[in-house]
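Visitor: So that you have it, the file is upload.cif, and it contains mmCIF, C-alpha atoms and all ligand atoms:
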```
data_start
loop_
_atom_site.label_atom_id
_atom_site.label_comp_id
_atom_site.auth_asym_id
_atom_site.auth_seq_id
_atom_site.Cartn_x
_atom_site.Cartn_y
_atom_site.Cartn_z
CA MET A 10 64.82 -121.60 -125.45
CA ILE A 11 61.10 -121.95 -124.74
CA SER A 12 59.20 -118.80 -123.85
CA ILE A 13 55.65 -118.95 -122.64
CA LYS A 14 54.36 -115.42 -122.29
CA ASN A 15 51.05 -114.47 -120.66
CA VAL A 16 49.26 -117.46 -122.12
CA THR A 17 45.55 -117.93 -121.48
CA LYS A 18 43.47 -120.81 -122.81
CA LYS A 19 39.78 -121.32 -122.15
CA PHE A 20 37.46 -124.16 -123.02
CA SER A 21 34.01 -122.53 -122.96
CA LYS A 22 33.58 -121.72 -119.27
CA VAL A 23 36.73 -123.45 -118.00
CA THR A 24 39.91 -121.39 -117.87
CA ALA A 25 42.48 -124.16 -118.32
CA LEU A 26 45.44 -121.73 -118.35
CA ASP A 27 45.23 -118.31 -116.79
CA ASN A 28 47.86 -115.83 -117.95
CA ILE A 29 50.89 -118.05 -117.37
CA SER A 30 54.50 -117.19 -118.17
CA ILE A 31 57.50 -119.53 -118.01
CA GLU A 32 60.98 -119.46 -119.51
CA ILE A 33 62.67 -122.80 -120.06
CA ASN A 34 66.35 -122.98 -120.92
CA GLU A 35 68.05 -125.21 -123.44
CA LYS A 36 69.00 -128.64 -122.00
CA GLU A 37 66.88 -128.13 -118.93
CA PHE A 38 64.84 -130.93 -117.37
CA PHE A 39 61.79 -128.90 -116.46
CA GLY A 40 58.93 -130.24 -114.38
CA LEU A 41 55.29 -129.17 -114.43
CA LEU A 42 53.83 -130.42 -111.21
CA GLY A 43 50.13 -130.13 -110.43
CA PRO A 44 46.99 -132.03 -109.51
CA ASN A 45 44.34 -133.36 -111.92
CA GLY A 46 42.86 -130.63 -114.07
CA ALA A 47 45.63 -128.13 -113.27
CA GLY A 48 46.25 -127.37 -116.96
CA LYS A 49 49.43 -129.40 -117.58
CA SER A 50 48.22 -131.23 -120.69
CA THR A 51 46.67 -128.04 -122.06
CA LEU A 52 50.07 -126.36 -121.91
CA ILE A 53 51.75 -129.35 -123.60
CA ASN A 54 49.10 -129.33 -126.33
CA LEU A 55 49.66 -125.62 -126.91
CA LEU A 56 53.41 -126.21 -127.22
CA VAL A 57 52.93 -128.82 -129.94
CA GLY A 58 50.46 -126.57 -131.71
CA TYR A 59 47.37 -128.78 -131.24
CA PHE A 60 45.51 -125.90 -129.60
CA HIS A 61 45.79 -122.16 -130.07
CA ALA A 62 46.16 -119.88 -127.07
CA ASP A 63 43.36 -117.34 -126.63
CA SER A 64 45.98 -114.77 -125.77
CA GLY A 65 49.71 -114.58 -125.12
CA GLU A 66 52.42 -116.31 -127.12
CA LEU A 67 54.58 -119.43 -127.13
CA LEU A 68 58.02 -119.27 -128.71
CA ILE A 69 60.56 -122.01 -129.31
CA SER A 70 64.03 -120.72 -130.18
CA GLY A 71 62.43 -117.36 -130.85
CA LYS A 72 59.89 -118.75 -133.34
CA LYS A 73 56.15 -118.79 -132.74
CA VAL A 74 54.49 -122.14 -132.22
CA GLY A 75 51.62 -122.72 -134.62
CA LYS A 76 49.71 -125.54 -136.26
CA ASN A 77 51.36 -125.02 -139.64
CA ASN A 78 54.76 -123.98 -138.45
CA TYR A 79 56.65 -127.08 -139.52
CA GLU A 80 60.05 -125.62 -138.68
CA VAL A 81 59.06 -125.29 -135.03
CA ARG A 82 57.09 -128.51 -134.84
CA LYS A 83 60.01 -130.63 -135.99
CA LYS A 84 62.03 -129.44 -133.00
CA ILE A 85 59.44 -130.97 -130.67
CA GLY A 86 58.75 -134.57 -129.77
CA LEU A 87 55.61 -135.49 -127.87
CA VAL A 88 55.03 -138.35 -125.48
CA PRO A 89 51.29 -137.95 -124.97
CA GLN A 90 49.41 -138.71 -121.76
CA SER A 91 47.16 -141.26 -123.44
CA ILE A 92 49.18 -143.90 -125.27
CA ALA A 93 49.07 -143.20 -129.00
CA LEU A 94 49.81 -146.62 -130.50
CA TYR A 95 47.98 -149.11 -132.69
CA ASP A 96 47.28 -152.27 -130.71
CA ASP A 97 46.85 -154.73 -133.57
CA ILE A 98 50.22 -154.27 -135.21
CA SER A 99 53.78 -154.80 -134.04
CA ALA A 100 56.05 -152.33 -132.23
CA GLN A 101 58.18 -152.03 -135.37
CA GLU A 102 55.15 -151.37 -137.61
CA ASN A 103 53.90 -148.71 -135.21
CA LEU A 104 57.17 -146.83 -135.44
CA GLU A 105 57.25 -147.23 -139.25
CA ILE A 106 53.82 -145.59 -139.52
CA ILE A 107 54.67 -142.79 -137.10
CA GLY A 108 58.08 -142.30 -138.74
CA SER A 109 56.48 -141.98 -142.18
CA PHE A 110 54.89 -138.67 -141.03
CA TYR A 111 58.35 -137.12 -140.80
CA ASN A 112 59.60 -137.56 -144.35
CA ILE A 113 62.62 -139.58 -143.29
CA ARG A 114 64.28 -141.76 -145.99
CA LYS A 115 63.22 -145.40 -145.65
CA ASN A 116 66.66 -146.84 -144.95
CA LEU A 117 67.52 -144.16 -142.49
CA LEU A 118 64.15 -144.57 -140.76
CA ARG A 119 64.73 -148.30 -140.42
CA ALA A 120 68.07 -147.67 -138.71
CA ILE A 121 66.56 -145.01 -136.44
CA ILE A 122 63.74 -147.35 -135.45
CA ALA A 123 66.17 -150.14 -134.60
CA GLU A 124 68.25 -147.77 -132.49
CA ASN A 125 65.24 -146.39 -130.64
CA LEU A 126 63.81 -149.84 -129.99
CA ASN A 127 67.17 -150.87 -128.59
CA ARG A 128 67.35 -147.85 -126.34
CA VAL A 129 63.96 -148.54 -124.79
CA GLU A 130 64.86 -152.24 -124.56
CA LEU A 131 62.13 -153.44 -126.89
CA TYR A 132 64.23 -154.56 -129.84
CA GLU A 133 63.75 -158.23 -129.03
CA ARG A 134 59.99 -157.69 -128.93
CA ARG A 135 59.81 -155.57 -132.10
CA LYS A 136 57.76 -158.09 -134.08
CA ASP A 137 55.17 -158.63 -131.35
CA LYS A 138 51.77 -157.00 -131.44
CA VAL A 139 51.44 -154.06 -129.05
CA LYS A 140 48.24 -155.47 -127.53
CA GLY A 141 50.35 -158.12 -125.79
CA PHE A 142 52.63 -155.50 -124.19
CA SER A 143 52.57 -154.58 -120.50
CA GLY A 144 51.72 -151.01 -119.45
CA GLY A 145 55.42 -150.25 -119.01
CA MET A 146 56.35 -151.61 -122.45
CA LYS A 147 53.65 -149.51 -124.11
CA ARG A 148 54.87 -146.44 -122.26
CA ARG A 149 58.45 -147.11 -123.43
CA LEU A 150 57.30 -147.54 -127.02
CA ASN A 151 55.29 -144.32 -126.68
CA ILE A 152 58.53 -142.54 -125.75
CA ALA A 153 60.45 -144.12 -128.65
CA ALA A 154 57.70 -142.86 -130.99
CA GLY A 155 58.18 -139.29 -129.76
CA LEU A 156 61.90 -139.41 -130.53
CA LEU A 157 61.99 -140.73 -134.11
CA HIS A 158 62.69 -137.32 -135.68
CA ASP A 159 65.41 -136.56 -133.10
CA PRO A 160 63.70 -133.47 -131.67
CA ALA A 161 65.64 -130.97 -129.56
CA VAL A 162 62.77 -130.79 -127.07
CA LEU A 163 60.85 -133.72 -125.64
CA LEU A 164 57.49 -133.07 -124.03
CA CYS A 165 56.54 -135.92 -121.70
CA ASP A 166 52.97 -135.80 -120.43
CA GLU A 167 52.77 -138.12 -117.41
CA PRO A 168 54.83 -140.82 -119.11
CA THR A 169 54.80 -143.24 -116.18
CA VAL A 170 51.07 -143.64 -115.55
CA GLY A 171 50.14 -147.30 -115.17
CA VAL A 172 53.77 -148.43 -115.06
CA ASP A 173 55.31 -150.88 -112.58
CA PRO A 174 58.21 -149.57 -110.43
CA GLN A 175 60.89 -151.37 -112.44
CA SER A 176 59.73 -149.95 -115.79
CA ARG A 177 59.30 -146.59 -114.13
CA ASN A 178 62.95 -146.60 -113.11
CA ALA A 179 64.00 -147.68 -116.59
CA ILE A 180 62.03 -144.73 -118.02
CA PHE A 181 63.65 -142.33 -115.55
CA ASP A 182 67.14 -143.60 -116.43
CA TYR A 183 66.40 -143.28 -120.13
CA LEU A 184 65.03 -139.73 -119.85
CA GLU A 185 67.99 -138.69 -117.69
CA LYS A 186 70.33 -140.07 -120.33
CA LEU A 187 68.52 -138.20 -123.11
CA ASN A 188 68.78 -135.02 -121.06
CA SER A 189 72.49 -135.52 -120.38
CA GLU A 190 72.98 -135.99 -124.14
CA GLY A 191 71.49 -132.54 -124.67
CA LYS A 192 67.73 -132.84 -125.03
CA THR A 193 65.52 -130.28 -123.33
CA ILE A 194 62.78 -132.11 -121.48
CA ILE A 195 59.48 -130.87 -120.15
CA TYR A 196 57.88 -133.39 -117.86
CA THR A 197 54.40 -133.20 -116.38
CA THR A 198 53.45 -135.18 -113.33
CA HIS A 199 51.38 -135.18 -110.20
CA TYR A 200 53.93 -137.36 -108.46
CA MET A 201 56.12 -135.05 -106.45
CA GLU A 202 58.74 -137.82 -106.05
CA GLU A 203 59.21 -137.82 -109.84
CA ALA A 204 59.66 -134.06 -110.02
CA GLU A 205 62.10 -134.20 -107.11
CA ARG A 206 64.18 -136.92 -108.70
CA LEU A 207 64.26 -135.72 -112.31
CA CYS A 208 63.80 -132.01 -112.65
CA SER A 209 66.37 -129.24 -112.35
CA ARG A 210 63.54 -126.70 -112.17
CA ILE A 211 59.90 -127.13 -111.39
CA ALA A 212 56.78 -125.03 -111.86
CA ILE A 213 53.89 -125.86 -109.59
CA ILE A 214 50.64 -125.34 -111.44
CA ASP A 215 47.15 -125.28 -109.97
CA HIS A 216 43.82 -124.16 -111.47
CA GLY A 217 45.64 -122.92 -114.57
CA LYS A 218 48.06 -120.68 -112.68
CA ILE A 219 51.75 -121.06 -111.91
CA ILE A 220 51.79 -120.75 -108.15
CA THR A 221 55.57 -120.89 -107.87
CA SER A 222 58.63 -122.07 -109.79
CA GLY A 223 62.33 -122.64 -109.29
CA SER A 224 64.87 -125.29 -108.34
CA LEU A 225 63.85 -127.86 -105.74
CA ASP A 226 66.11 -126.21 -103.14
CA LYS A 227 64.65 -122.81 -103.82
CA LEU A 228 61.09 -124.08 -103.63
CA ILE A 229 61.66 -125.94 -100.38
CA GLN A 230 62.99 -122.73 -98.85
CA LEU A 231 59.54 -121.23 -99.30
CA LEU A 232 58.35 -123.43 -96.46
CA PRO A 233 58.51 -121.70 -93.08
CA TYR A 234 60.18 -124.76 -91.53
CA LYS A 235 63.19 -126.87 -92.44
CA GLN A 236 62.03 -130.29 -91.35
CA THR A 237 59.14 -132.17 -89.84
CA ILE A 238 59.30 -134.74 -87.08
CA GLN A 239 57.21 -137.86 -87.37
CA ILE A 240 56.35 -139.77 -84.23
CA ASN A 241 54.83 -143.25 -84.42
CA LYS A 242 51.42 -143.52 -82.86
CA ASN A 243 51.36 -146.23 -80.21
CA HIS A 244 50.30 -146.85 -76.63
CA VAL A 245 53.26 -144.82 -75.31
CA THR A 246 53.15 -141.81 -77.61
CA GLU A 247 49.36 -141.49 -77.52
CA THR A 248 49.53 -140.37 -73.90
CA LYS A 249 52.13 -137.65 -74.66
CA LYS A 250 50.35 -135.29 -77.03
CA GLU A 251 50.65 -132.44 -74.51
CA LEU A 252 54.41 -132.87 -74.51
CA PHE A 253 54.66 -132.74 -78.32
CA ASN A 254 52.58 -129.56 -78.38
CA LYS A 255 55.38 -127.76 -76.54
CA PHE A 256 57.73 -128.30 -79.47
CA GLY A 257 55.56 -127.62 -82.50
CA ALA A 258 52.28 -127.84 -84.33
CA ILE A 259 50.93 -131.37 -84.46
CA ILE A 260 48.99 -133.02 -87.27
CA ASP A 261 47.20 -136.07 -85.90
CA GLY A 262 47.60 -138.63 -88.70
CA GLN A 263 46.36 -142.18 -88.87
CA GLU A 264 49.63 -143.88 -88.05
CA MET A 265 51.72 -141.01 -86.79
CA TYR A 266 51.85 -137.55 -85.38
CA GLU A 267 53.51 -135.07 -87.70
CA LEU A 268 55.14 -132.28 -85.83
CA THR A 269 56.24 -129.04 -87.48
CA PRO A 270 58.76 -127.69 -85.01
CA PHE A 271 58.49 -124.12 -83.71
CA ASP A 272 61.34 -121.90 -84.96
CA ASN A 273 62.99 -121.50 -81.57
CA ILE A 274 63.12 -125.13 -80.39
CA LYS A 275 66.39 -126.93 -79.76
CA PHE A 276 66.49 -130.47 -81.09
CA SER A 277 68.69 -131.52 -78.17
CA GLU A 278 65.93 -130.41 -75.79
CA PHE A 279 63.30 -132.19 -77.84
CA PHE A 280 65.22 -135.47 -77.77
CA LYS A 281 65.97 -135.13 -74.06
CA ALA A 282 62.25 -134.62 -73.36
CA MET A 283 61.46 -137.69 -75.43
CA GLU A 284 64.03 -139.75 -73.57
CA ASP A 285 62.81 -138.54 -70.16
CA ASN A 286 59.29 -139.61 -71.13
CA GLY A 287 60.22 -143.07 -72.30
CA ILE A 288 59.75 -142.39 -76.01
CA ALA A 289 62.28 -144.52 -77.85
CA TYR A 290 64.33 -143.02 -80.69
CA ASN A 291 63.02 -145.59 -83.11
CA TYR A 292 59.53 -144.07 -82.77
CA ILE A 293 60.88 -140.80 -84.14
CA ASP A 294 61.80 -139.87 -87.70
CA ILE A 295 63.07 -136.50 -88.92
CA GLN A 296 61.96 -135.74 -92.47
CA LYS A 297 63.26 -133.19 -94.91
CA PRO A 298 60.40 -131.15 -96.38
CA THR A 299 58.93 -132.31 -99.69
CA LEU A 300 57.17 -130.68 -102.60
CA GLU A 301 54.00 -132.32 -101.28
CA ALA A 302 54.42 -130.30 -98.07
CA LEU A 303 55.04 -127.18 -100.13
CA PHE A 304 51.91 -127.76 -102.21
CA LEU A 305 49.91 -128.24 -99.04
CA HIS A 306 51.43 -125.08 -97.57
CA LEU A 307 50.67 -123.00 -100.68
CA THR A 308 47.21 -124.31 -101.54
CA GLY A 309 45.88 -125.94 -98.39
CA ARG A 310 45.31 -129.11 -100.43
CA ARG A 311 47.22 -132.29 -101.21
CA LEU A 312 48.53 -133.01 -104.71
CA ARG A 313 46.66 -136.29 -104.82
CA ASP A 314 43.63 -137.24 -102.76
N1 LIG B 401 39.60 -130.41 -125.03
C1 LIG B 401 39.03 -129.92 -123.92
N2 LIG B 401 37.75 -129.51 -123.91
C2 LIG B 401 37.18 -128.99 -122.80
N3 LIG B 401 37.81 -128.84 -121.62
C3 LIG B 401 39.09 -129.23 -121.56
C4 LIG B 401 39.77 -129.81 -122.69
N4 LIG B 401 41.04 -130.11 -122.33
C5 LIG B 401 41.14 -129.76 -121.03
N5 LIG B 401 39.98 -129.23 -120.57
C6 LIG B 401 39.75 -128.72 -119.19
O1 LIG B 401 40.81 -127.85 -118.86
C7 LIG B 401 41.25 -128.07 -117.52
C8 LIG B 401 42.72 -128.47 -117.52
O2 LIG B 401 42.83 -129.77 -118.09
P1 LIG B 401 44.23 -130.48 -118.38
O3 LIG B 401 43.94 -131.72 -119.14
O4 LIG B 401 45.15 -129.50 -119.02
O5 LIG B 401 44.72 -130.81 -116.91
P2 LIG B 401 45.95 -131.70 -116.42
O6 LIG B 401 46.73 -130.86 -115.49
O7 LIG B 401 46.64 -132.27 -117.59
O8 LIG B 401 45.21 -132.85 -115.58
P3 LIG B 401 45.57 -134.42 -115.44
O9 LIG B 401 46.62 -134.52 -114.37
O10 LIG B 401 44.27 -135.00 -114.99
O11 LIG B 401 46.00 -134.93 -116.76
C9 LIG B 401 40.32 -129.12 -116.94
O12 LIG B 401 39.30 -128.47 -116.24
C10 LIG B 401 39.78 -129.83 -118.16
O13 LIG B 401 38.50 -130.34 -117.92
MG MG B 402 46.99 -134.12 -118.22
#
```
Would you mind writing the structure in this file as structure tokens?

Guide:
Amino acid sequence: MISIKNVTKKFSKVTALDNISIEINEKEFFGLLGPNGAGKSTLINLLVGYFHADSGELLISGKKVGKNNYEVRKKIGLVPQSIALYDDISAQENLEIIGSFYNIRKNLLRAIIAENLNRVELYERRKDKVKGFSGGMKRRLNIAAGLLHDPAVLLCDEPTVGVDPQSRNAIFDYLEKLNSEGKTIIYTTHYMEEAERLCSRIAIIDHGKIITSGSLDKLIQLLPYKQTIQINKNHVTETKKELFNKFGAIIDGQEMYELTPFDNIKFSEFFKAMEDNGIAYNYIDIQKPTLEALFLHLTGRRLRD
């Protein structure tokens, strides 16, 4: 449904996007995961037609994205990274102003606004000025604003920044519901937990390049190991580093040792060795690999410092 073909975008000397290509299917929940400055917002801004690509093309349902291409633009809703709301007026008035850009009949718009406010659980607060809203409430209103014209595709650019965990979960539930009702969602984040929870496919983007993409399962398989073992650092385990070295490569963290097991080790032997050396099971935790580990493996850096 969305085709991004060999797209490059430069800002004077900075190459924000470097010849990237992605295909996104209808009804997909697609994640763009990458650190600060990776190029995520640039791609979102190209998809809404705010910027022009220097080369390559972006198509939505086979039609080229462009500033004046109204037919394409109305298919897209944007939840921008920086909150785009007026502080000094109410939630309802904000949506009325934003809705008026879309040529929707007044009565219909009023009904749509009420429905959207309800869905983001702000209907009761509709008459309150936005400046009194919490970060999470502003984020929810920001999402409602992107949905007024019932777009087929919703572009969410880090929609949970500055949001408390409860509001964050409410936003996740809401986006999942929208997706299950048929909306295609593109979601940028540098929180790997968000991409893991929400997205059916993920592209990892770094320095303007897609370094890999696929389903979570497929991506995790790119790691040369299937799990890591974490061992609490304490007066017992600190004397046993030599022992751990027999079973894998050790990262000496602040609170724990992280062991990436060698391919040929037997877990039964590992646990027996731990037991024989007085290392209690509750010091040991086996972890499934994460996207964070994959990012580290592919780039040598962490997603967030
Ligand atoms: N309007 C602009 N003018 C000049 N440079 C820009 C502009 N927009 C983005 N850039 C540069 O392009 C690169 C990619 O920026 P972008 O905002 O797309 O990253 P991002 O992945 O969204 O990062 P973040 O997670 O911090 O939001 C950065 O080096 C940034 O400084
Ligand atoms: Mg950004």

Visitor: Just to confirm, what's the straight-line distance from CA of Lys49 in chain A to atom O10 of ligand LIG 401 (chain B) in Å (one decimal)?

Guide: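 Atom O10 of ligand LIG 401 (chain B) lies 8.0 Å from CA of Lys49 in chain A.
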
Visitor: Mind giving me the straight-line distance from CA of Lys83 in chain A to CA of His158 in chain A in Å, one decimal?

Guide: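 We find that CA of Lys83 in chain A and CA of His158 in chain A lie 7.2 Å from each other.
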
Visitor: Show me, as JSON lines, the residues of chain A having an atom within 12 Å of ligand MG 402 (chain B), each with the closest atom pair and its distance in Å, using only C-alpha atoms and all ligand atoms.

Guide:
```
{"residue": "A:Ala25", "atom": "CA", "partner": "B:MG402", "partner_atom": "MG", "distance": 10.9}
{"residue": "A:Leu41", "atom": "CA", "partner": "B:MG402", "partner_atom": "MG", "distance": 10.4}
{"residue": "A:Leu42", "atom": "CA", "partner": "B:MG402", "partner_atom": "MG", "distance": 10.5}
{"residue": "A:Gly43", "atom": "CA", "partner": "B:MG402", "partner_atom": "MG", "distance": 9.3}
{"residue": "A:Pro44", "atom": "CA", "partner": "B:MG402", "partner_atom": "MG", "distance": 9.0}
{"residue": "A:Asn45", "atom": "CA", "partner": "B:MG402", "partner_atom": "MG", "distance": 6.9}
{"residue": "A:Gly46", "atom": "CA", "partner": "B:MG402", "partner_atom": "MG", "distance": 6.8}
{"residue": "A:Ala47", "atom": "CA", "partner": "B:MG402", "partner_atom": "MG", "distance": 7.9}
{"residue": "A:Gly48", "atom": "CA", "partner": "B:MG402", "partner_atom": "MG", "distance": 6.9}
{"residue": "A:Lys49", "atom": "CA", "partner": "B:MG402", "partner_atom": "MG", "distance": 5.4}
{"residue": "A:Ser50", "atom": "CA", "partner": "B:MG402", "partner_atom": "MG", "distance": 4.0}
{"residue": "A:Thr51", "atom": "CA", "partner": "B:MG402", "partner_atom": "MG", "distance": 7.2}
{"residue": "A:Leu52", "atom": "CA", "partner": "B:MG402", "partner_atom": "MG", "distance": 9.1}
{"residue": "A:Ile53", "atom": "CA", "partner": "B:MG402", "partner_atom": "MG", "distance": 8.6}
{"residue": "A:Asn54", "atom": "CA", "partner": "B:MG402", "partner_atom": "MG", "distance": 9.7}
{"residue": "A:Val88", "atom": "CA", "partner": "B:MG402", "partner_atom": "MG", "distance": 11.6}
{"residue": "A:Pro89", "atom": "CA", "partner": "B:MG402", "partner_atom": "MG", "distance": 8.9}
{"residue": "A:Gln90", "atom": "CA", "partner": "B:MG402", "partner_atom": "MG", "distance": 6.3}
{"residue": "A:Ser91", "atom": "CA", "partner": "B:MG402", "partner_atom": "MG", "distance": 8.8}
{"residue": "A:Cys165", "atom": "CA", "partner": "B:MG402", "partner_atom": "MG", "distance": 10.3}
{"residue": "A:Asp166", "atom": "CA", "partner": "B:MG402", "partner_atom": "MG", "distance": 6.6}
{"residue": "A:Glu167", "atom": "CA", "partner": "B:MG402", "partner_atom": "MG", "distance": 7.1}
{"residue": "A:Pro168", "atom": "CA", "partner": "B:MG402", "partner_atom": "MG", "distance": 10.4}
{"residue": "A:Val170", "atom": "CA", "partner": "B:MG402", "partner_atom": "MG", "distance": 10.7}
{"residue": "A:Tyr196", "atom": "CA", "partner": "B:MG402", "partner_atom": "MG", "distance": 10.9}
{"residue": "A:Thr197", "atom": "CA", "partner": "B:MG402", "partner_atom": "MG", "distance": 7.7}
{"residue": "A:Thr198", "atom": "CA", "partner": "B:MG402", "partner_atom": "MG", "distance": 8.2}
{"residue": "A:His199", "atom": "CA", "partner": "B:MG402", "partner_atom": "MG", "distance": 9.2}
{"residue": "A:Ile214", "atom": "CA", "partner": "B:MG402", "partner_atom": "MG", "distance": 11.7}
{"residue": "A:Gly217", "atom": "CA", "partner": "B:MG402", "partner_atom": "MG", "distance": 11.9}
```

Visitor: What separation in Å, quoted to one decimal, exists between CA of Gly309 in chain A and CA of Leu26 in chain A?

Guide: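 The value is 20.4 Å.
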
Visitor: Mind checking which residues fall within 9 Å of range 175-182 of chain A, counting all atoms listed in the file, ignoring those fewer than 3 positions away in the same chain, and posting them as a list in words?

Guide: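 Contacts, in chain order: Val129, Gly144, Gly145, Met146, Arg148, Arg149, Ile152, Pro168, Thr169, Val170, Val172, Glu185, Lys186, Leu187, Glu203, Arg206 and Leu207 of chain A.
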
Visitor: Deliver the residues from the most recent selection as a file, using C-alpha atoms, as a compact mmCIF listing (two decimals), in the coordinates of the input.

Guide:
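Just written: part.txt:
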```
# COMPACT_ATOMS: atom_id res chain seq x y z
CA VAL A 129 63.96 -148.54 -124.79
CA GLY A 144 51.72 -151.01 -119.45
CA GLY A 145 55.42 -150.25 -119.01
CA MET A 146 56.35 -151.61 -122.45
CA ARG A 148 54.87 -146.44 -122.26
CA ARG A 149 58.45 -147.11 -123.43
CA ILE A 152 58.53 -142.54 -125.75
CA PRO A 168 54.83 -140.82 -119.11
CA THR A 169 54.80 -143.24 -116.18
CA VAL A 170 51.07 -143.64 -115.55
CA VAL A 172 53.77 -148.43 -115.06
CA GLU A 185 67.99 -138.69 -117.69
CA LYS A 186 70.33 -140.07 -120.33
CA LEU A 187 68.52 -138.20 -123.11
CA GLU A 203 59.21 -137.82 -109.84
CA ARG A 206 64.18 -136.92 -108.70
CA LEU A 207 64.26 -135.72 -112.31
```

Visitor: Could you tell me which of A:Lys242, A:Lys72, A:Lys14, A:Lys22 comes closest to ligand LIG 401 (chain B) if we count all atoms listed in the file?

Guide: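 Once distances to ligand LIG 401 (chain B) are computed over all atoms listed in the file, the minimum belongs to A:Lys22.
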
Visitor: Out of A:Arg114, A:Glu102, A:Leu94, A:Thr193, which residue has the shortest atom-to-atom distance to Leu150 in chain A when counting all atoms listed in the file?

Guide: A:Leu94

Visitor: Find, counting all atoms listed in the file, the residue in A:Gln239, A:Asn151, A:Phe253, A:Lys281 that gets nearest to Glu267 in chain A.

Guide: A:Gln239

Visitor: Mind completing range 123-138 of chain A with N, CA and C atoms? Output as a compact mmCIF listing (two decimals), in the frame of the given file, please?

Guide:
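As written to disk, part10.txt reads:
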```txt
# COMPACT_ATOMS: atom_id res chain seq x y z
N ALA A 123 65.43 -149.09 -135.30
CA ALA A 123 66.17 -150.14 -134.60
C ALA A 123 66.89 -149.55 -133.39
N GLU A 124 67.51 -148.38 -133.59
CA GLU A 124 68.25 -147.77 -132.49
C GLU A 124 67.32 -147.39 -131.33
N ASN A 125 66.18 -146.80 -131.69
CA ASN A 125 65.24 -146.39 -130.64
C ASN A 125 64.64 -147.58 -129.91
N LEU A 126 64.34 -148.64 -130.65
CA LEU A 126 63.81 -149.84 -129.99
C LEU A 126 64.84 -150.42 -129.03
N ASN A 127 66.09 -150.40 -129.46
CA ASN A 127 67.17 -150.87 -128.59
C ASN A 127 67.24 -150.04 -127.32
N ARG A 128 67.16 -148.73 -127.50
CA ARG A 128 67.35 -147.85 -126.34
C ARG A 128 66.23 -147.99 -125.32
N VAL A 129 65.03 -148.33 -125.77
CA VAL A 129 63.96 -148.54 -124.79
C VAL A 129 63.79 -150.03 -124.47
N GLU A 130 64.80 -150.80 -124.87
CA GLU A 130 64.86 -152.24 -124.56
C GLU A 130 63.64 -153.01 -125.06
N LEU A 131 63.24 -152.69 -126.29
CA LEU A 131 62.13 -153.44 -126.89
C LEU A 131 62.53 -154.08 -128.21
N TYR A 132 63.81 -154.04 -128.53
CA TYR A 132 64.23 -154.56 -129.84
C TYR A 132 63.86 -156.02 -130.01
N GLU A 133 64.06 -156.79 -128.95
CA GLU A 133 63.75 -158.23 -129.03
C GLU A 133 62.26 -158.48 -129.26
N ARG A 134 61.46 -157.52 -128.84
CA ARG A 134 59.99 -157.69 -128.93
C ARG A 134 59.40 -156.92 -130.12
N ARG A 135 60.27 -156.48 -131.05
CA ARG A 135 59.81 -155.57 -132.10
C ARG A 135 58.73 -156.16 -133.00
N LYS A 136 58.73 -157.49 -133.14
CA LYS A 136 57.76 -158.09 -134.08
C LYS A 136 56.46 -158.48 -133.39
N ASP A 137 56.39 -158.26 -132.08
CA ASP A 137 55.17 -158.63 -131.35
C ASP A 137 54.13 -157.53 -131.42
N LYS A 138 52.86 -157.98 -131.42
CA LYS A 138 51.77 -157.00 -131.44
C LYS A 138 51.74 -156.22 -130.12
```
